[in-house]
file data-v5.cif (mmCIF, C-alpha atoms and all ligand atoms)
data_data
loop_
_atom_site.label_atom_id
_atom_site.label_comp_id
_atom_site.auth_asym_id
_atom_site.auth_seq_id
_atom_site.Cartn_x
_atom_site.Cartn_y
_atom_site.Cartn_z
CA MET A 43 -11.11 9.32 3.20
CA ILE A 44 -9.06 7.30 0.71
CA HIS A 45 -8.56 8.51 -2.84
CA ASN A 46 -6.37 6.96 -5.56
CA ILE A 47 -4.64 9.92 -7.22
CA ALA A 48 -3.38 7.67 -10.06
CA ARG A 49 -6.86 6.47 -10.92
CA ASP A 50 -7.23 8.26 -14.26
CA VAL A 51 -3.56 8.08 -15.26
CA ASP A 52 -2.68 6.16 -18.40
CA ALA A 53 1.09 6.03 -17.82
CA PHE A 54 2.82 2.98 -16.27
CA THR A 55 2.24 3.62 -12.59
CA SER A 56 1.07 1.92 -9.45
CA ASN A 57 -1.96 3.20 -7.61
CA ALA A 58 -1.21 5.98 -5.10
CA PHE A 59 -3.67 6.29 -2.24
CA LEU A 60 -4.11 9.62 -0.54
CA VAL A 61 -5.53 9.07 2.94
CA SER A 62 -6.91 12.14 4.68
CA PRO A 63 -8.47 12.30 8.12
CA ALA A 64 -12.26 12.31 7.78
CA ALA A 65 -13.41 15.94 7.61
CA ARG A 66 -16.37 15.67 9.91
CA GLY A 67 -17.10 16.51 13.52
CA ASP A 68 -14.39 16.73 16.10
CA HIS A 69 -12.28 14.11 14.39
CA GLY A 70 -11.52 16.28 11.38
CA ALA A 71 -8.22 17.66 12.59
CA ASP A 72 -7.13 14.51 14.41
CA GLY A 73 -5.08 12.32 12.15
CA ARG A 74 -2.33 12.25 9.57
CA THR A 75 -2.53 12.92 5.85
CA VAL A 76 -0.55 10.11 4.26
CA LEU A 77 0.18 8.98 0.71
CA VAL A 78 0.51 5.21 0.31
CA ASP A 79 2.86 4.74 -2.68
CA THR A 80 3.64 7.65 -4.99
CA GLY A 81 3.12 6.10 -8.36
CA ALA A 82 5.37 7.02 -11.29
CA ASN A 83 5.44 8.74 -14.67
CA PHE A 84 2.71 11.30 -13.94
CA ASP A 85 2.51 14.69 -12.24
CA ALA A 86 1.59 13.51 -8.75
CA VAL A 87 2.38 16.92 -7.25
CA SER A 88 -0.33 18.64 -9.33
CA HIS A 89 -2.82 15.91 -8.45
CA LEU A 90 -2.01 16.24 -4.76
CA GLN A 91 -2.10 20.02 -4.74
CA GLY A 92 -5.72 19.87 -5.83
CA ASP A 93 -6.56 17.85 -2.73
CA VAL A 94 -4.23 18.80 0.13
CA ASP A 95 -1.79 21.53 1.14
CA HIS A 96 0.44 19.27 3.19
CA LEU A 97 1.45 15.64 3.66
CA ASP A 98 2.52 14.18 7.01
CA ALA A 99 4.14 11.07 5.55
CA VAL A 100 4.63 8.92 2.48
CA VAL A 101 4.44 5.18 3.08
CA ILE A 102 5.94 2.85 0.48
CA THR A 103 4.65 -0.73 0.07
CA HIS A 104 7.81 -1.68 -1.84
CA THR A 105 10.46 0.05 -3.89
CA HIS A 106 9.67 -1.09 -7.44
CA PRO A 107 10.01 1.93 -9.76
CA ASP A 108 6.31 2.14 -10.57
CA HIS A 109 5.59 2.67 -6.84
CA VAL A 110 8.38 5.15 -5.98
CA GLY A 111 9.02 7.05 -9.23
CA ASN A 112 7.32 10.21 -7.95
CA VAL A 113 9.07 10.19 -4.54
CA ASP A 114 11.62 12.92 -5.27
CA ALA A 115 9.08 15.38 -6.70
CA ILE A 116 6.74 14.83 -3.75
CA ARG A 117 9.54 15.10 -1.16
CA ASP A 118 10.65 18.39 -2.76
CA ARG A 119 7.22 19.99 -2.99
CA PHE A 120 5.75 18.84 0.35
CA ASP A 121 8.93 18.68 2.45
CA VAL A 122 7.83 15.23 3.59
CA GLU A 123 9.73 12.07 4.53
CA THR A 124 9.08 8.53 3.35
CA TRP A 125 8.70 5.29 5.28
CA GLY A 126 9.22 1.73 4.04
CA PHE A 127 10.79 -1.61 4.91
CA ASP A 128 14.18 -1.07 3.25
CA ALA A 129 15.70 2.17 4.54
CA SER A 130 18.87 1.49 2.52
CA HIS A 131 16.89 2.28 -0.64
CA PRO A 132 17.20 5.94 -1.73
CA ALA A 133 13.40 6.32 -1.88
CA VAL A 134 13.01 5.30 1.79
CA ASP A 135 14.00 7.74 4.56
CA ASN A 136 12.71 5.80 7.55
CA ARG A 137 12.31 2.12 8.31
CA ILE A 138 9.03 0.35 9.03
CA ASP A 139 9.64 -3.01 10.66
CA ASP A 140 7.39 -6.02 10.55
CA GLY A 141 4.75 -5.55 13.26
CA ASP A 142 5.17 -1.78 13.53
CA VAL A 143 2.02 0.30 13.90
CA VAL A 144 1.73 3.11 11.32
CA ARG A 145 -0.80 5.93 11.73
CA ILE A 146 -2.53 6.59 8.41
CA GLY A 147 -5.48 8.96 8.37
CA THR A 148 -7.21 8.42 11.70
CA ASP A 149 -6.36 4.74 11.88
CA ALA A 150 -3.57 2.53 13.23
CA PHE A 151 -2.28 0.13 10.59
CA ARG A 152 -0.11 -2.86 11.39
CA ALA A 153 2.77 -3.49 9.00
CA LEU A 154 3.16 -7.03 7.70
CA HIS A 155 6.42 -7.90 5.97
CA THR A 156 5.19 -9.91 2.99
CA PRO A 157 8.02 -10.81 0.58
CA GLY A 158 7.58 -12.91 -2.57
CA HIS A 159 6.82 -10.19 -5.12
CA ALA A 160 9.62 -8.00 -3.71
CA VAL A 161 11.93 -8.66 -0.76
CA ASP A 162 10.98 -5.37 0.94
CA HIS A 163 7.23 -5.71 0.46
CA LEU A 164 4.84 -4.54 3.17
CA CYS A 165 1.09 -4.88 3.59
CA LEU A 166 -0.72 -2.55 5.98
CA TYR A 167 -3.83 -3.63 7.84
CA ASP A 168 -6.14 -1.83 10.25
CA PRO A 169 -8.46 -4.26 12.05
CA ASP A 170 -10.76 -1.49 13.33
CA SER A 171 -11.70 -0.03 9.94
CA GLY A 172 -11.11 -3.34 8.12
CA VAL A 173 -8.86 -1.70 5.53
CA LEU A 174 -5.95 -3.57 3.95
CA PHE A 175 -3.33 -2.00 1.68
CA ALA A 176 -1.98 -5.05 -0.12
CA GLY A 177 0.58 -3.48 -2.47
CA ASP A 178 1.42 -5.96 -5.23
CA LEU A 179 0.80 -9.09 -3.15
CA VAL A 180 -2.66 -9.78 -4.57
CA PHE A 181 -5.07 -8.12 -7.00
CA ALA A 182 -8.77 -8.24 -7.74
CA GLY A 183 -10.16 -11.24 -9.56
CA GLY A 184 -7.95 -13.85 -7.87
CA SER A 185 -4.69 -12.64 -9.34
CA PHE A 186 -1.45 -12.10 -7.46
CA GLY A 187 1.93 -10.40 -7.73
CA ARG A 188 4.45 -11.51 -10.30
CA THR A 189 7.47 -13.34 -8.92
CA ASP A 190 9.85 -13.21 -11.88
CA LEU A 191 11.51 -9.92 -10.92
CA PRO A 192 14.76 -9.84 -8.88
CA GLY A 193 14.05 -11.00 -5.33
CA GLY A 194 10.76 -12.59 -6.33
CA ASP A 195 9.84 -16.11 -5.24
CA GLY A 196 6.58 -18.00 -5.79
CA ARG A 197 6.59 -20.09 -2.61
CA THR A 198 7.51 -17.08 -0.49
CA LEU A 199 4.61 -15.20 -2.08
CA VAL A 200 2.21 -17.99 -1.10
CA GLU A 201 3.49 -17.89 2.50
CA SER A 202 3.01 -14.13 2.57
CA ILE A 203 -0.58 -14.36 1.29
CA GLU A 204 -1.25 -17.07 3.91
CA ARG A 205 0.10 -14.74 6.55
CA VAL A 206 -2.22 -11.93 5.46
CA VAL A 207 -5.24 -14.26 5.31
CA GLU A 208 -4.48 -15.25 8.91
CA ALA A 209 -4.00 -11.65 10.03
CA VAL A 210 -7.30 -10.42 8.62
CA ASP A 211 -10.70 -12.09 8.89
CA GLU A 212 -14.18 -11.97 7.35
CA THR A 213 -14.68 -8.48 8.77
CA LEU A 214 -12.28 -7.15 6.11
CA GLN A 215 -14.10 -4.25 4.45
CA VAL A 216 -11.85 -3.19 1.62
CA LEU A 217 -8.73 -4.40 -0.16
CA HIS A 218 -6.67 -1.65 -1.80
CA THR A 219 -4.21 -3.12 -4.28
CA GLY A 220 -1.15 -1.64 -5.97
CA HIS A 221 -2.69 -1.95 -9.42
CA GLY A 222 -6.24 -2.15 -10.70
CA PRO A 223 -9.48 -1.64 -8.78
CA SER A 224 -9.93 -1.92 -5.05
CA VAL A 225 -12.11 -4.79 -3.84
CA LEU A 226 -15.15 -3.82 -1.75
CA ASP A 227 -17.31 -6.84 -2.53
CA ASP A 228 -16.15 -9.77 -0.37
CA PRO A 229 -12.50 -8.73 -0.08
CA PHE A 230 -11.73 -11.68 2.23
CA GLY A 231 -13.05 -14.06 -0.41
CA ALA A 232 -10.91 -12.29 -2.97
CA LEU A 233 -7.82 -12.82 -0.81
CA GLU A 234 -8.60 -16.53 -0.47
CA GLN A 235 -9.17 -16.78 -4.21
CA SER A 236 -5.75 -15.24 -4.88
CA LEU A 237 -4.18 -17.61 -2.36
CA GLN A 238 -5.65 -20.65 -4.15
CA ALA A 239 -4.44 -19.36 -7.51
CA ALA A 240 -0.94 -18.60 -6.20
CA ARG A 241 -0.73 -22.06 -4.57
CA ALA A 242 -1.74 -23.71 -7.83
CA ARG A 243 1.14 -21.99 -9.62
CA ALA A 244 3.86 -22.17 -6.93
ZN ZN B 1 5.92 -4.29 -7.62
#

call {"tool": "encode", "arguments": {"input": "data-v5.cif", "output": "structure tokens", "more": "lines below"}}
Ligand SMILES: [Zn+2]
result
Amino acid sequence: MIHNIARDVDAFTSNAFLVSPAARGDHGADGRTVLVDTGANFDAVSHLQGDVDHLDAVVITHTHPDHVGNVDAIRDRFDVETWGFDASHPAVDNRIDDGDVVRIGTDAFRALHTPGHAVDHLCLYDPDSGVLFAGDLVFAGGSFGRTDLPGGDGRTLVESIERVVEAVDETLQVLHTGHGPSVLDDPFGALEQSLQAARARA
């Protein structure tokens, strides 16, 4: 089960996806409860406490402040470590390398290093469930991550989107983005649309 705890928050924050192992049958206890990005500027701990009593891991798509602002509060309350591409950043305790497999919920996600919006940006894709966490690489409606922040680069962003389009295929079921709504209706088409738009501007 995937639930965006920042969904009703008005403050400047990224989405923050709480992934819990499906609570049905024998699979209920088998898996890891993981938060993908923490968001910022809202009381994530209170939101989380309503849903879970523990977290196994926090996975960070990239270390922009709107994605990691709640890291310290969540680390303190849940005694949990964080994982991301750049372990030299204070918000990241453990490194995820390109190609690493990360267990989130009951699924095995492959990490794709996808710079362009941020140098330490990761996407996470599970081919079995067809779920892609895209961070700020692309968004619904054919939009894509800004490249005017430090470390951003338009052509690198295009290459990263191309890489993700090649890694996934038409069986993609859902695209969870760092801001705005997730895409359930033709998420592969949405990715290609964002790629075209990013190419046109690069
Ligand atoms: Zn960002």

call {"tool": "residues_around", "arguments": {"input": "data-v5.cif", "residues": "Val101 in chain A", "least_positions_apart": "5", "cutoff": "12 Å", "atoms": "only C-alpha atoms", "output": "PyMOL selection string"}}
result
chain A and resi 58-61+74-81+109-110+113+117+122-129+133-138+144-147+151+153+163-166+175+177

call {"tool": "closest_atom_pairs", "arguments": {"input": "data-v5.cif", "of": "chain A", "to": "ligand ZN 1 (chain B)", "cutoff": "8 Å", "atoms": "all atoms listed in the file", "output": "CSV"}}
result
residue,atom,partner,partner_atom,distance
A:His104,CA,B:ZN1,ZN,6.6
A:Thr105,CA,B:ZN1,ZN,7.3
A:His106,CA,B:ZN1,ZN,4.9
A:Pro107,CA,B:ZN1,ZN,7.7
A:Asp108,CA,B:ZN1,ZN,7.1
A:His109,CA,B:ZN1,ZN,7.0
A:His159,CA,B:ZN1,ZN,6.5
A:Ala160,CA,B:ZN1,ZN,6.5
A:Gly177,CA,B:ZN1,ZN,7.5
A:Asp178,CA,B:ZN1,ZN,5.4
A:Gly187,CA,B:ZN1,ZN,7.3
A:Arg188,CA,B:ZN1,ZN,7.8
A:Gly220,CA,B:ZN1,ZN,7.7

call {"tool": "residues_near_point", "arguments": {"input": "data-v5.cif", "point": "(-12.0, 1.0, 8.4)", "cutoff": "12 Å", "atoms": "only C-alpha atoms", "output": "ChimeraX atom specification"}}
result
/A:43-44,61,63-64,146-151,167-175,213-218,226

call {"tool": "closest_residue", "arguments": {"input": "data-v5.cif", "among": "A:Asp162, A:Glu201, A:Asp85, A:Asp72", "to": "Ala53 in chain A", "atoms": "all atoms listed in the file"}}
result
A:Asp85

call {"tool": "atom_distance", "arguments": {"input": "data-v5.cif", "atom1": "CA of Asp121 in chain A", "atom2": "CA of Ala86 in chain A"}}
result
14.4 Å

call {"tool": "residues_around", "arguments": {"input": "data-v5.cif", "residues": "Gly183 in chain A", "least_positions_apart": "2", "cutoff": "8 Å", "atoms": "all atoms listed in the file", "output": "PyMOL selection string"}}
result
chain A and resi 181+185+232+235-236

call {"tool": "atom_distance", "arguments": {"input": "data-v5.cif", "atom1": "CA of Gly111 in chain A", "atom2": "CA of Gly73 in chain A"}}
result
26.1 Å

call {"tool": "atom_distance", "arguments": {"input": "data-v5.cif", "atom1": "CA of Ala82 in chain A", "atom2": "CA of Glu204 in chain A"}}
result
29.2 Å

call {"tool": "residues_near_point", "arguments": {"input": "data-v5.cif", "point": "(3.7, -10.5, 7.1)", "cutoff": "8 Å", "atoms": "all atoms listed in the file", "output": "VMD selection string"}}
result
chain A and resid 140 to 141 153 to 157 164 to 165 202 205 to 206

call {"tool": "closest_residue", "arguments": {"input": "data-v5.cif", "among": "A:His96, A:Gly184, A:Arg152, A:Gln238", "to": "Ala209 in chain A", "atoms": "only C-alpha atoms"}}
result
A:Arg152
